[in-house]
file my_file_23.cif (mmCIF, C-alpha atoms (C1' of nucleotides))
data_start
#
loop_
_atom_site.group_PDB
_atom_site.id
_atom_site.type_symbol
_atom_site.label_atom_id
_atom_site.label_comp_id
_atom_site.auth_asym_id
_atom_site.auth_seq_id
_atom_site.Cartn_x
_atom_site.Cartn_y
_atom_site.Cartn_z
ATOM 1 C CA MET A 1115 -9.901 -7.227 -1.149
ATOM 2 C CA PRO A 1116 -9.269 -7.604 2.486
ATOM 3 C CA GLU A 1117 -5.762 -8.171 3.690
ATOM 4 C CA LEU A 1118 -4.733 -8.996 7.236
ATOM 5 C CA PRO A 1119 -5.716 -5.639 8.801
ATOM 6 C CA GLU A 1120 -9.168 -5.703 7.198
ATOM 7 C CA VAL A 1121 -9.801 -9.310 8.224
ATOM 8 C CA GLU A 1122 -8.659 -8.547 11.753
ATOM 9 C CA THR A 1123 -10.947 -5.525 11.832
ATOM 10 C CA VAL A 1124 -13.881 -7.647 10.679
ATOM 11 C CA ARG A 1125 -13.002 -10.248 13.300
ATOM 12 C CA ARG A 1126 -13.082 -7.644 16.044
ATOM 13 C CA GLY A 1127 -16.410 -6.383 14.779
ATOM 14 C CA LEU A 1128 -18.014 -9.810 14.606
ATOM 15 C CA GLU A 1129 -16.561 -11.246 17.789
ATOM 16 C CA PRO A 1130 -18.960 -9.577 20.250
ATOM 17 C CA ILE A 1131 -21.906 -10.439 18.002
ATOM 18 C CA LEU A 1132 -21.104 -14.093 17.430
ATOM 19 C CA VAL A 1133 -19.250 -15.421 20.442
ATOM 20 C CA GLY A 1134 -21.586 -16.895 23.023
ATOM 21 C CA ASN A 1135 -24.426 -16.843 20.528
ATOM 22 C CA ALA A 1136 -25.939 -19.716 18.565
ATOM 23 C CA PHE A 1137 -27.042 -19.969 14.944
ATOM 24 C CA ALA A 1138 -30.806 -20.368 15.052
ATOM 25 C CA ARG A 1139 -31.061 -20.728 11.277
ATOM 26 C CA VAL A 1140 -28.745 -20.267 8.319
ATOM 27 C CA GLU A 1141 -29.907 -19.224 4.845
ATOM 28 C CA GLN A 1142 -27.764 -20.536 2.022
ATOM 29 C CA ARG A 1143 -28.807 -18.909 -1.237
ATOM 30 C CA ARG A 1144 -26.472 -20.676 -3.641
ATOM 31 C CA PRO A 1145 -24.534 -23.947 -3.624
ATOM 32 C CA ASP A 1146 -21.093 -22.418 -3.867
ATOM 33 C CA LEU A 1147 -18.838 -19.445 -3.439
ATOM 34 C CA ARG A 1148 -15.405 -19.978 -4.911
ATOM 35 C CA PHE A 1149 -15.767 -23.667 -4.062
ATOM 36 C CA PRO A 1150 -18.863 -25.725 -3.299
ATOM 37 C CA LEU A 1151 -20.095 -25.105 0.224
ATOM 38 C CA PRO A 1152 -19.842 -28.193 2.441
ATOM 39 C CA LYS A 1153 -22.617 -30.787 2.419
ATOM 40 C CA HIS A 1154 -25.617 -29.863 4.560
ATOM 41 C CA PHE A 1155 -23.887 -26.576 5.408
ATOM 42 C CA ALA A 1156 -26.907 -24.751 6.809
ATOM 43 C CA GLU A 1157 -28.205 -27.783 8.701
ATOM 44 C CA ARG A 1158 -24.845 -28.497 10.279
ATOM 45 C CA LEU A 1159 -24.602 -24.925 11.541
ATOM 46 C CA SER A 1160 -28.067 -24.572 12.947
ATOM 47 C CA GLY A 1161 -28.173 -24.870 16.720
ATOM 48 C CA ARG A 1162 -24.383 -24.562 17.003
ATOM 49 C CA LYS A 1163 -22.981 -22.042 19.431
ATOM 50 C CA VAL A 1164 -19.878 -20.009 18.559
ATOM 51 C CA GLU A 1165 -17.259 -20.372 21.285
ATOM 52 C CA ALA A 1166 -14.533 -18.205 19.765
ATOM 53 C CA LEU A 1167 -13.750 -16.209 16.652
ATOM 54 C CA ASP A 1168 -10.100 -16.343 15.644
ATOM 55 C CA ARG A 1169 -8.038 -15.249 12.664
ATOM 56 C CA ARG A 1170 -5.276 -17.114 10.861
ATOM 57 C CA ALA A 1171 -3.729 -15.262 7.918
ATOM 58 C CA LYS A 1172 -6.738 -13.890 6.008
ATOM 59 C CA TYR A 1173 -9.072 -16.580 7.332
ATOM 60 C CA LEU A 1174 -11.721 -16.145 10.012
ATOM 61 C CA LEU A 1175 -12.212 -19.196 12.215
ATOM 62 C CA ALA A 1176 -15.456 -19.552 14.149
ATOM 63 C CA ARG A 1177 -14.969 -22.332 16.689
ATOM 64 C CA LEU A 1178 -18.236 -24.158 17.260
ATOM 65 C CA ASP A 1179 -19.510 -26.093 20.265
ATOM 66 C CA ASP A 1180 -19.523 -29.402 18.365
ATOM 67 C CA GLY A 1181 -15.783 -29.305 17.718
ATOM 68 C CA GLU A 1182 -16.081 -28.079 14.164
ATOM 69 C CA VAL A 1183 -14.603 -24.846 12.865
ATOM 70 C CA LEU A 1184 -16.441 -22.613 10.420
ATOM 71 C CA VAL A 1185 -13.650 -21.423 8.133
ATOM 72 C CA MET A 1186 -14.318 -18.210 6.204
ATOM 73 C CA HIS A 1187 -12.258 -16.303 3.649
ATOM 74 C CA LEU A 1188 -13.464 -13.037 2.142
ATOM 75 C CA GLY A 1189 -11.593 -13.285 -1.144
ATOM 76 C CA MET A 1190 -11.653 -9.943 -2.943
ATOM 77 C CA THR A 1191 -15.173 -8.711 -2.292
ATOM 78 C CA GLY A 1192 -16.512 -10.672 0.681
ATOM 79 C CA ARG A 1193 -18.259 -8.559 3.312
ATOM 80 C CA PHE A 1194 -20.278 -9.038 6.443
ATOM 81 C CA SER A 1195 -23.033 -6.777 7.621
ATOM 82 C CA ILE A 1196 -25.028 -7.000 10.791
ATOM 83 C CA ASP A 1197 -28.765 -6.636 11.040
ATOM 84 C CA ARG A 1198 -29.616 -5.923 14.611
ATOM 85 C CA ALA A 1199 -32.801 -7.350 15.986
ATOM 86 C CA ASN A 1200 -34.148 -3.784 16.102
ATOM 87 C CA GLY A 1201 -33.736 -3.503 12.339
ATOM 88 C CA GLU A 1202 -30.720 -1.219 12.433
ATOM 89 C CA ALA A 1203 -28.096 -2.389 9.925
ATOM 90 C CA SER A 1204 -24.391 -1.813 10.251
ATOM 91 C CA ALA A 1205 -21.149 -3.264 8.999
ATOM 92 C CA PRO A 1206 -18.792 -4.939 11.455
ATOM 93 C CA GLY A 1207 -15.238 -3.792 11.233
ATOM 94 C CA ARG A 1208 -16.456 -0.671 9.510
ATOM 95 C CA PHE A 1209 -16.801 -2.124 6.036
ATOM 96 C CA ALA A 1210 -19.940 -0.942 4.368
ATOM 97 C CA HIS A 1211 -21.451 -1.588 0.989
ATOM 98 C CA PRO A 1212 -24.259 -0.216 -1.142
ATOM 99 C CA ILE A 1213 -27.674 -1.676 -0.429
ATOM 100 C CA ALA A 1214 -28.293 -2.853 -3.995
ATOM 101 C CA ASP A 1215 -25.051 -4.780 -4.022
ATOM 102 C CA ALA A 1216 -25.830 -6.273 -0.645
ATOM 103 C CA GLN A 1217 -29.156 -7.588 -1.915
ATOM 104 C CA LYS A 1218 -27.971 -8.994 -5.204
ATOM 105 C CA HIS A 1219 -24.825 -10.657 -3.962
ATOM 106 C CA GLU A 1220 -25.894 -11.643 -0.492
ATOM 107 C CA HIS A 1221 -25.248 -15.370 -0.478
ATOM 108 C CA ILE A 1222 -25.430 -16.467 3.141
ATOM 109 C CA VAL A 1223 -27.359 -15.134 6.130
ATOM 110 C CA PHE A 1224 -26.656 -16.341 9.651
ATOM 111 C CA HIS A 1225 -29.669 -15.813 11.902
ATOM 112 C CA LEU A 1226 -28.656 -15.762 15.534
ATOM 113 C CA GLY A 1227 -30.729 -16.805 18.518
ATOM 114 C CA ASP A 1228 -31.159 -13.216 19.689
ATOM 115 C CA GLY A 1229 -32.696 -12.145 16.386
ATOM 116 C CA THR A 1230 -29.557 -10.609 14.935
ATOM 117 C CA ALA A 1231 -28.786 -11.455 11.303
ATOM 118 C CA VAL A 1232 -25.194 -11.612 10.066
ATOM 119 C CA ARG A 1233 -25.198 -11.286 6.283
ATOM 120 C CA TYR A 1234 -22.393 -12.330 3.970
ATOM 121 C CA SER A 1235 -22.225 -10.753 0.530
ATOM 122 C CA ASP A 1236 -19.545 -11.362 -2.055
ATOM 123 C CA THR A 1237 -19.830 -9.840 -5.532
ATOM 124 C CA ARG A 1238 -17.071 -11.750 -7.243
ATOM 125 C CA ARG A 1239 -17.468 -14.892 -5.127
ATOM 126 C CA PHE A 1240 -13.759 -15.401 -4.579
ATOM 127 C CA GLY A 1241 -14.504 -16.024 -0.932
ATOM 128 C CA LEU A 1242 -14.977 -19.433 0.632
ATOM 129 C CA MET A 1243 -16.509 -21.165 3.623
ATOM 130 C CA ASP A 1244 -15.896 -24.642 4.936
ATOM 131 C CA LEU A 1245 -16.592 -26.741 8.011
ATOM 132 C CA VAL A 1246 -13.551 -28.537 9.376
ATOM 133 C CA PRO A 1247 -13.072 -30.549 12.586
ATOM 134 C CA ALA A 1248 -10.813 -28.523 14.888
ATOM 135 C CA GLN A 1249 -8.213 -31.267 15.145
ATOM 136 C CA LYS A 1250 -7.947 -31.466 11.365
ATOM 137 C CA LEU A 1251 -7.513 -27.740 10.830
ATOM 138 C CA GLU A 1252 -3.716 -27.755 10.736
ATOM 139 C CA SER A 1253 -3.586 -30.534 8.183
ATOM 140 C CA HIS A 1254 -6.357 -29.056 6.032
ATOM 141 C CA ALA A 1255 -5.273 -28.266 2.473
ATOM 142 C CA LEU A 1256 -5.933 -24.566 2.974
ATOM 143 C CA PHE A 1257 -3.836 -24.312 6.117
ATOM 144 C CA LYS A 1258 -1.015 -26.814 5.980
ATOM 145 C CA GLY A 1259 1.153 -24.705 3.708
ATOM 146 C CA LEU A 1260 0.431 -21.341 5.324
ATOM 147 C CA GLY A 1261 3.398 -19.236 6.336
ATOM 148 C CA ILE A 1262 4.215 -17.198 9.411
ATOM 149 C CA GLU A 1263 1.959 -14.603 11.036
ATOM 150 C CA PRO A 1264 3.807 -11.348 10.339
ATOM 151 C CA LEU A 1265 2.758 -9.829 13.671
ATOM 152 C CA SER A 1266 4.083 -12.780 15.666
ATOM 153 C CA LYS A 1267 7.322 -12.631 17.645
ATOM 154 C CA SER A 1268 8.719 -15.368 15.438
ATOM 155 C CA PHE A 1269 8.692 -13.126 12.366
ATOM 156 C CA THR A 1270 12.197 -11.700 12.653
ATOM 157 C CA PRO A 1271 14.895 -10.538 10.219
ATOM 158 C CA LYS A 1272 16.739 -13.780 10.900
ATOM 159 C CA TRP A 1273 13.667 -15.853 10.034
ATOM 160 C CA LEU A 1274 13.015 -13.888 6.840
ATOM 161 C CA ALA A 1275 16.614 -14.081 5.670
ATOM 162 C CA GLN A 1276 16.595 -17.851 6.127
ATOM 163 C CA LYS A 1277 13.418 -18.184 4.091
ATOM 164 C CA LEU A 1278 14.487 -15.861 1.283
ATOM 165 C CA ARG A 1279 17.989 -17.250 0.961
ATOM 166 C CA GLY A 1280 18.528 -18.410 -2.594
ATOM 167 C CA LYS A 1281 15.092 -17.268 -3.790
ATOM 168 C CA ALA A 1282 15.131 -16.185 -7.423
ATOM 169 C CA THR A 1283 11.798 -14.403 -7.350
ATOM 170 C CA SER A 1284 11.207 -10.702 -6.712
ATOM 171 C CA THR A 1285 10.919 -9.374 -3.178
ATOM 172 C CA LYS A 1286 7.368 -8.186 -3.904
ATOM 173 C CA ALA A 1287 6.307 -11.647 -5.075
ATOM 174 C CA ALA A 1288 7.885 -13.171 -1.966
ATOM 175 C CA LEU A 1289 6.032 -10.804 0.364
ATOM 176 C CA VAL A 1290 2.605 -11.685 -1.014
ATOM 177 C CA ASP A 1291 3.343 -15.426 -1.099
ATOM 178 C CA GLN A 1292 1.050 -16.829 1.609
ATOM 179 C CA ARG A 1293 3.310 -19.867 2.041
ATOM 180 C CA LEU A 1294 5.985 -17.532 3.369
ATOM 181 C CA ILE A 1295 4.156 -14.678 5.096
ATOM 182 C CA ALA A 1296 0.469 -15.232 5.766
ATOM 183 C CA GLY A 1297 -1.767 -12.203 5.564
ATOM 184 C CA LEU A 1298 0.159 -9.652 3.541
ATOM 185 C CA GLY A 1299 -1.526 -8.657 0.294
ATOM 186 C CA ASN A 1300 -0.874 -6.299 -2.578
ATOM 187 C CA ILE A 1301 -1.411 -2.978 -0.819
ATOM 188 C CA TYR A 1302 0.472 -3.590 2.403
ATOM 189 C CA ALA A 1303 3.325 -5.296 0.563
ATOM 190 C CA CYS A 1304 3.758 -2.128 -1.524
ATOM 191 C CA GLU A 1305 3.527 0.098 1.523
ATOM 192 C CA ALA A 1306 6.008 -1.971 3.536
ATOM 193 C CA LEU A 1307 8.537 -2.016 0.689
ATOM 194 C CA PHE A 1308 8.227 1.749 0.398
ATOM 195 C CA ARG A 1309 8.787 2.336 4.109
ATOM 196 C CA ALA A 1310 11.821 0.063 4.105
ATOM 197 C CA HIS A 1311 13.216 1.690 0.927
ATOM 198 C CA VAL A 1312 13.414 -1.747 -0.661
ATOM 199 C CA SER A 1313 12.709 -2.135 -4.366
ATOM 200 C CA PRO A 1314 9.860 -4.533 -5.208
ATOM 201 C CA LEU A 1315 12.061 -5.742 -8.071
ATOM 202 C CA ARG A 1316 14.973 -6.651 -5.846
ATOM 203 C CA LEU A 1317 15.916 -10.307 -5.956
ATOM 204 C CA ALA A 1318 14.416 -11.833 -2.817
ATOM 205 C CA GLY A 1319 17.530 -13.887 -2.224
ATOM 206 C CA SER A 1320 19.586 -10.716 -1.940
ATOM 207 C CA LEU A 1321 17.940 -9.983 1.406
ATOM 208 C CA ALA A 1322 20.107 -12.688 2.921
ATOM 209 C CA THR A 1323 23.882 -12.810 3.014
ATOM 210 C CA ARG A 1324 25.684 -15.768 1.499
ATOM 211 C CA SER A 1325 25.598 -17.460 4.872
ATOM 212 C CA GLY A 1326 21.878 -16.781 5.254
ATOM 213 C CA LYS A 1327 22.102 -13.875 7.675
ATOM 214 C CA PRO A 1328 19.832 -10.850 7.442
ATOM 215 C CA THR A 1329 21.038 -7.596 5.969
ATOM 216 C CA ALA A 1330 20.098 -4.092 7.153
ATOM 217 C CA LYS A 1331 17.451 -4.066 4.415
ATOM 218 C CA THR A 1332 15.953 -7.296 5.755
ATOM 219 C CA ALA A 1333 15.636 -5.818 9.216
ATOM 220 C CA ALA A 1334 14.083 -2.652 7.828
ATOM 221 C CA LEU A 1335 11.588 -4.669 5.820
ATOM 222 C CA VAL A 1336 10.471 -6.808 8.756
ATOM 223 C CA ALA A 1337 10.032 -3.689 10.897
ATOM 224 C CA ALA A 1338 8.102 -1.968 8.096
ATOM 225 C CA VAL A 1339 5.765 -4.929 7.601
ATOM 226 C CA LYS A 1340 4.899 -5.033 11.293
ATOM 227 C CA ALA A 1341 4.517 -1.272 11.554
ATOM 228 C CA VAL A 1342 2.257 -0.857 8.552
ATOM 229 C CA LEU A 1343 0.002 -3.742 9.616
ATOM 230 C CA GLU A 1344 -0.274 -2.482 13.175
ATOM 231 C CA GLU A 1345 -1.074 1.050 12.053
ATOM 232 C CA ALA A 1346 -3.661 -0.207 9.583
ATOM 233 C CA ILE A 1347 -5.379 -2.326 12.235
ATOM 234 C CA LYS A 1348 -5.496 0.700 14.528
ATOM 235 C CA ALA A 1349 -7.106 2.693 11.723
ATOM 236 C CA GLY A 1350 -9.720 0.003 11.156
ATOM 237 C CA GLY A 1351 -8.213 -1.164 7.877
ATOM 238 C CA SER A 1352 -8.579 0.427 4.456
ATOM 239 C CA SER A 1353 -11.828 0.954 2.576
ATOM 240 C CA LEU A 1354 -11.523 1.137 -1.193
ATOM 241 C CA ARG A 1355 -14.270 1.270 -3.783
ATOM 242 C CA ASP A 1356 -16.887 1.401 -1.041
ATOM 243 C CA TYR A 1357 -19.770 3.732 -0.654
ATOM 244 C CA LYS A 1358 -19.478 6.093 2.255
ATOM 245 C CA ARG A 1359 -22.068 5.489 4.878
ATOM 246 C CA ALA A 1360 -23.879 8.065 6.935
ATOM 247 C CA ASP A 1361 -22.515 6.510 10.115
ATOM 248 C CA GLY A 1362 -18.963 6.905 8.835
ATOM 249 C CA SER A 1363 -18.289 3.238 9.378
ATOM 250 C CA LEU A 1364 -15.315 2.861 7.078
ATOM 251 C CA GLY A 1365 -11.638 2.180 7.678
ATOM 252 C CA ASP A 1366 -9.292 5.145 7.470
ATOM 253 C CA PHE A 1367 -6.008 3.709 6.364
ATOM 254 C CA GLN A 1368 -6.567 4.320 2.648
ATOM 255 C CA HIS A 1369 -5.859 7.980 3.381
ATOM 256 C CA ARG A 1370 -2.426 7.069 4.646
ATOM 257 C CA PHE A 1371 -1.133 5.148 1.671
ATOM 258 C CA LYS A 1372 2.289 6.486 0.742
ATOM 259 C CA VAL A 1373 2.662 4.769 -2.632
ATOM 260 C CA TYR A 1374 -0.353 2.602 -3.398
ATOM 261 C CA GLY A 1375 -2.470 4.265 -6.081
ATOM 262 C CA ARG A 1376 -0.071 7.238 -6.348
ATOM 263 C CA GLU A 1377 1.349 6.628 -9.835
ATOM 264 C CA GLY A 1378 2.912 9.771 -11.284
ATOM 265 C CA LYS A 1379 2.831 11.617 -7.970
ATOM 266 C CA LYS A 1380 5.828 12.877 -6.071
ATOM 267 C CA CYS A 1381 7.598 10.441 -3.779
ATOM 268 C CA LEU A 1382 6.815 11.174 -0.127
ATOM 269 C CA THR A 1383 10.196 10.159 1.241
ATOM 270 C CA ILE A 1384 11.836 13.182 2.846
ATOM 271 C CA GLY A 1385 14.577 14.493 0.595
ATOM 272 C CA CYS A 1386 13.632 12.266 -2.338
ATOM 273 C CA SER A 1387 12.689 13.954 -5.610
ATOM 274 C CA GLY A 1388 11.517 10.748 -7.291
ATOM 275 C CA THR A 1389 8.140 9.998 -8.868
ATOM 276 C CA VAL A 1390 5.978 7.006 -7.978
ATOM 277 C CA ARG A 1391 5.781 4.405 -10.724
ATOM 278 C CA ARG A 1392 3.324 1.619 -11.396
ATOM 279 C CA ILE A 1393 4.581 -1.665 -12.764
ATOM 280 C CA VAL A 1394 2.945 -5.075 -13.064
ATOM 281 C CA GLN A 1395 4.313 -8.025 -11.132
ATOM 282 C CA GLY A 1396 2.566 -11.359 -11.111
ATOM 283 C CA GLY A 1397 -0.361 -9.732 -12.893
ATOM 284 C CA ARG A 1398 -0.893 -7.178 -10.132
ATOM 285 C CA SER A 1399 -0.024 -3.517 -9.793
ATOM 286 C CA THR A 1400 3.043 -2.600 -7.823
ATOM 287 C CA PHE A 1401 3.604 1.040 -6.873
ATOM 288 C CA TYR A 1402 7.077 2.193 -5.855
ATOM 289 C CA CYS A 1403 9.657 4.939 -6.098
ATOM 290 C CA PRO A 1404 12.595 3.921 -8.298
ATOM 291 C CA ALA A 1405 14.689 6.687 -6.773
ATOM 292 C CA CYS A 1406 14.652 5.739 -3.099
ATOM 293 C CA GLN A 1407 13.644 2.087 -3.144
ATOM 294 C CA ARG A 1408 16.672 -0.017 -4.018
ATOM 295 C "C1'" DA B 682 10.621 -28.060 -8.150
ATOM 296 C "C1'" DA B 683 10.482 -23.199 -8.389
ATOM 297 C "C1'" DG B 684 8.416 -19.520 -10.585
ATOM 298 C "C1'" DA B 685 5.175 -17.462 -13.602
ATOM 299 C "C1'" DA B 686 0.832 -17.523 -16.166
ATOM 300 C "C1'" DC B 687 -3.861 -18.552 -16.132
ATOM 301 C "C1'" DT B 688 -8.224 -18.898 -14.035
ATOM 302 C "C1'" DC B 689 -12.466 -18.159 -11.384
ATOM 303 C "C1'" DC B 690 -16.416 -13.894 -11.190
ATOM 304 C "C1'" DT B 691 -18.712 -9.287 -11.450
ATOM 305 C "C1'" DG B 692 -18.461 -4.429 -11.569
ATOM 306 C "C1'" DT B 693 -16.330 0.089 -12.497
ATOM 307 C "C1'" DT B 694 -13.660 3.272 -15.035
ATOM 308 C "C1'" DG B 695 -11.421 5.580 -18.670
ATOM 309 C "C1'" DG B 696 -10.347 6.183 -23.539
ATOM 310 C "C1'" DC B 697 -12.025 6.494 -28.193
ATOM 311 C "C1'" DT C 12 -24.089 7.803 -25.768
ATOM 312 C "C1'" DG C 13 -21.947 3.154 -26.639
ATOM 313 C "C1'" DC C 14 -18.299 -0.163 -26.685
ATOM 314 C "C1'" DC C 15 -14.302 -2.310 -25.128
ATOM 315 C "C1'" DA C 16 -10.136 -2.988 -22.728
ATOM 316 C "C1'" DA C 17 -7.955 -2.614 -18.399
ATOM 317 C "C1'" DC C 18 -8.250 -3.116 -13.690
ATOM 318 C "C1'" DA C 19 -9.866 -4.415 -8.767
ATOM 319 C "C1'" DG C 20 -7.728 -5.721 -1.750
ATOM 320 C "C1'" DG C 21 -6.971 -13.348 -3.593
ATOM 321 C "C1'" DA C 22 -5.097 -17.625 -4.390
ATOM 322 C "C1'" DG C 23 -5.636 -22.559 -6.306
ATOM 323 C "C1'" DT C 24 -4.395 -24.869 -10.575
ATOM 324 C "C1'" DT C 25 -1.783 -25.512 -14.512
ATOM 325 C "C1'" DC C 26 1.926 -24.435 -17.398
ATOM 326 C "C1'" DT C 27 7.243 -24.135 -18.300
#

call {"tool": "encode", "arguments": {"input": "my_file_23.cif", "output": "structure tokens"}}
result
Amino acid sequence: MPELPEVETVRRGLEPILVGNAFARVEQRRPDLRFPLPKHFAERLSGRKVEALDRRAKYLLARLDDGEVLVMHLGMTGRFSIDRANGEASAPGRFAHPIADAQKHEHIVFHLGDGTAVRYSDTRRFGLMDLVPAQKLESHALFKGLGIEPLSKSFTPKWLAQKLRGKATSTKAALVDQRLIAGLGNIYACEALFRAHVSPLRLAGSLATRSGKPTAKTAALVAAVKAVLEEAIKAGGSSLRDYKRADGSLGDFQHRFKVYGREGKKCLTIGCSGTVRRIVQGGRSTFYCPACQR
DNA sequence: AAGAACTCCTGTTGGC
DNA sequence: TGCCAACAGGAGTTCT
């Protein structure tokens, strides 16, 4: 579910709770998520203090005081909620979930020294957690092939054109390929393509000239990717298929989708009379306007 | 070797 | 109402 903006929002929500605090006790309610949890997971975490909470692509990285890194990925349905010592529950990063779901699919609970409980629930269990020594993080199977951070200075039209040169796949498939760009997912890829007026079906290689230089479309696409991610982070991410909470703790960006989920509706590009279409690429829905995205 | 299909898992939704 | 197929924000593994 969560793409880069949602993971970043969760990170910002958890950071003040976790950093500087220690795990007093960790409850592990099943042996695995998507993969088996590491050996002695709960024991290895207990007593460890969190020194920093970082994000790489869609991964959260809790740096521990023994040199290990608690690596966490939310998959499609992974969520954290915070139980304050006073009993008040809330979701960090404004991602809430129904209570019943939280109970049934709550797989791991981190009890902090100050009495706060950080609960991880994950209905479909596509998420993962692992413990990796900090110095081995880069070479870890999950990280060694990861692509560029799209919000970094290094993600430029020139960089993208070089990478896409000669690629026979679709531009949409290239955008969601984590080995190229790390953190973009289905929704924001659709939204970025729409903003840049680039067709998701366009041959990725056509975004570079024969000599590997960026085209105007490449530049527009890079700018659109950065803009949509930045705006979504500012809005606290997007909340889909979530129950509304009384405290209003949900992301807002879902209300600003221009194409995602708008099949059959009028294209929102000024001056365009097209209609948004849904097609399937790589087994996932792509929404776009055939009239103004070329 | 690149690219696409399949797979994991559970829940919701829409059509008949 | 029930049943069943399609779909859901991801990505590693297995095919061609």

call {"tool": "resolve_selection", "arguments": {"input": "my_file_23.cif", "expression": "the PyMOL selection byres ((chain C) within 12 of (chain A))", "output": "MDAnalysis selection string"}}
result
chainID C and resid 17:23

call {"tool": "axis_aligned_box", "arguments": {"input": "my_file_23.cif", "around": "chain B", "padding_each_side": "5 Å", "output": "JSON"}}
result
{"center_x": -4.0, "center_y": -10.8, "center_z": -18.2, "size_x": 39.3, "size_y": 44.6, "size_z": 30.0}

call {"tool": "residues_near_point", "arguments": {"input": "my_file_23.cif", "point": "(15.5, -10.5, 8.9)", "cutoff": "6 Å", "atoms": "all atoms listed in the file", "output": "ChimeraX atom specification"}}
result
/A:1270-1275,1328,1332-1333

call {"tool": "closest_atom_pairs", "arguments": {"input": "my_file_23.cif", "of": "chain A", "to": "chain B", "cutoff": "7 Å", "atoms": "only C-alpha atoms (C1' of nucleotides)", "output": "JSON lines"}}
result
{"residue": "A:Thr1237", "atom": "CA", "partner": "B:DT691", "partner_atom": "C1'", "distance": 6.0}
{"residue": "A:Arg1238", "atom": "CA", "partner": "B:DC690", "partner_atom": "C1'", "distance": 4.5}
{"residue": "A:Arg1239", "atom": "CA", "partner": "B:DC690", "partner_atom": "C1'", "distance": 6.2}
{"residue": "A:Thr1283", "atom": "CA", "partner": "B:DG684", "partner_atom": "C1'", "distance": 6.9}

call {"tool": "resolve_selection", "arguments": {"input": "my_file_23.cif", "expression": "the PyMOL selection byres ((chain A and resi 1168) around 9)", "output": "list in words"}}
result
Glu1122, Arg1125, Glu1129, Ala1166, Leu1167, Arg1169, Arg1170, Tyr1173, Leu1174, Leu1175, Ala1176 and Arg1177 of chain A

call {"tool": "resolve_selection", "arguments": {"input": "my_file_23.cif", "expression": "the PyMOL selection byres ((chain A and resi 1388) around 12)", "output": "list in words"}}
result
Val1373, Glu1377, Gly1378, Lys1379, Lys1380, Cys1381, Leu1382, Thr1383, Ile1384, Gly1385, Cys1386, Ser1387, Thr1389, Val1390, Arg1391, Tyr1402, Cys1403, Pro1404, Ala1405, Cys1406 and Gln1407 of chain A

call {"tool": "atom_distance", "arguments": {"input": "my_file_23.cif", "atom1": "CA of Ala1310 in chain A", "atom2": "CA of Leu1265 in chain A"}}
result
16.5 Å

call {"tool": "atom_distance", "arguments": {"input": "my_file_23.cif", "atom1": "CA of Phe1137 in chain A", "atom2": "CA of Val1164 in chain A"}}
result
8.0 Å

call {"tool": "atom_distance", "arguments": {"input": "my_file_23.cif", "atom1": "CA of Ser1325 in chain A", "atom2": "CA of Gly1261 in chain A"}}
result
22.3 Å

call {"tool": "residues_around", "arguments": {"input": "my_file_23.cif", "residues": "Ser1160 in chain A", "least_positions_apart": "2", "cutoff": "10 Å", "atoms": "only C-alpha atoms (C1' of nucleotides)", "output": "PDB file with C-alpha atoms, keeping the file's coordinate frame"}}
result
ATOM      1  CA  ALA A1136     -25.939 -19.716  18.565  1.00  0.00           C
ATOM      2  CA  PHE A1137     -27.042 -19.969  14.944  1.00  0.00           C
ATOM      3  CA  ALA A1138     -30.806 -20.368  15.052  1.00  0.00           C
ATOM      4  CA  ARG A1139     -31.061 -20.728  11.277  1.00  0.00           C
ATOM      5  CA  VAL A1140     -28.745 -20.267   8.319  1.00  0.00           C
ATOM      6  CA  GLU A1141     -29.907 -19.224   4.845  1.00  0.00           C
ATOM      7  CA  PHE A1155     -23.887 -26.576   5.408  1.00  0.00           C
ATOM      8  CA  ALA A1156     -26.907 -24.751   6.809  1.00  0.00           C
ATOM      9  CA  GLU A1157     -28.205 -27.783   8.701  1.00  0.00           C
ATOM     10  CA  ARG A1158     -24.845 -28.497  10.279  1.00  0.00           C
ATOM     11  CA  ARG A1162     -24.383 -24.562  17.003  1.00  0.00           C
ATOM     12  CA  LYS A1163     -22.981 -22.042  19.431  1.00  0.00           C
ATOM     13  CA  PHE A1224     -26.656 -16.341   9.651  1.00  0.00           C
ATOM     14  CA  HIS A1225     -29.669 -15.813  11.902  1.00  0.00           C
ATOM     15  CA  LEU A1226     -28.656 -15.762  15.534  1.00  0.00           C
ATOM     16  CA  GLY A1227     -30.729 -16.805  18.518  1.00  0.00           C
TER      17      GLY A1227
END

call {"tool": "build_atoms", "arguments": {"input": "my_file_23.cif", "residues": "range 1233-1238 of chain A", "atoms": "N, CA and C atoms", "output": "PDB file, in the coordinates of the input"}}
result
ATOM      1  N   ARG A1233     -25.057 -11.033   7.717  1.00  0.00           N
ATOM      2  CA  ARG A1233     -25.198 -11.286   6.283  1.00  0.00           C
ATOM      3  C   ARG A1233     -23.853 -11.264   5.583  1.00  0.00           C
ATOM      4  N   TYR A1234     -23.627 -12.268   4.740  1.00  0.00           N
ATOM      5  CA  TYR A1234     -22.393 -12.330   3.970  1.00  0.00           C
ATOM      6  C   TYR A1234     -22.701 -12.057   2.504  1.00  0.00           C
ATOM      7  N   SER A1235     -22.074 -11.015   1.957  1.00  0.00           N
ATOM      8  CA  SER A1235     -22.225 -10.753   0.530  1.00  0.00           C
ATOM      9  C   SER A1235     -20.852 -10.789  -0.120  1.00  0.00           C
ATOM     10  N   ASP A1236     -20.824 -11.170  -1.381  1.00  0.00           N
ATOM     11  CA  ASP A1236     -19.545 -11.362  -2.055  1.00  0.00           C
ATOM     12  C   ASP A1236     -19.769 -11.277  -3.570  1.00  0.00           C
ATOM     13  N   THR A1237     -19.539 -10.091  -4.123  1.00  0.00           N
ATOM     14  CA  THR A1237     -19.830  -9.840  -5.532  1.00  0.00           C
ATOM     15  C   THR A1237     -19.119 -10.819  -6.472  1.00  0.00           C
ATOM     16  N   ARG A1238     -17.832 -10.924  -6.291  1.00  0.00           N
ATOM     17  CA  ARG A1238     -17.071 -11.750  -7.243  1.00  0.00           C
ATOM     18  C   ARG A1238     -17.013 -13.225  -6.845  1.00  0.00           C
TER      19      ARG A1238
END
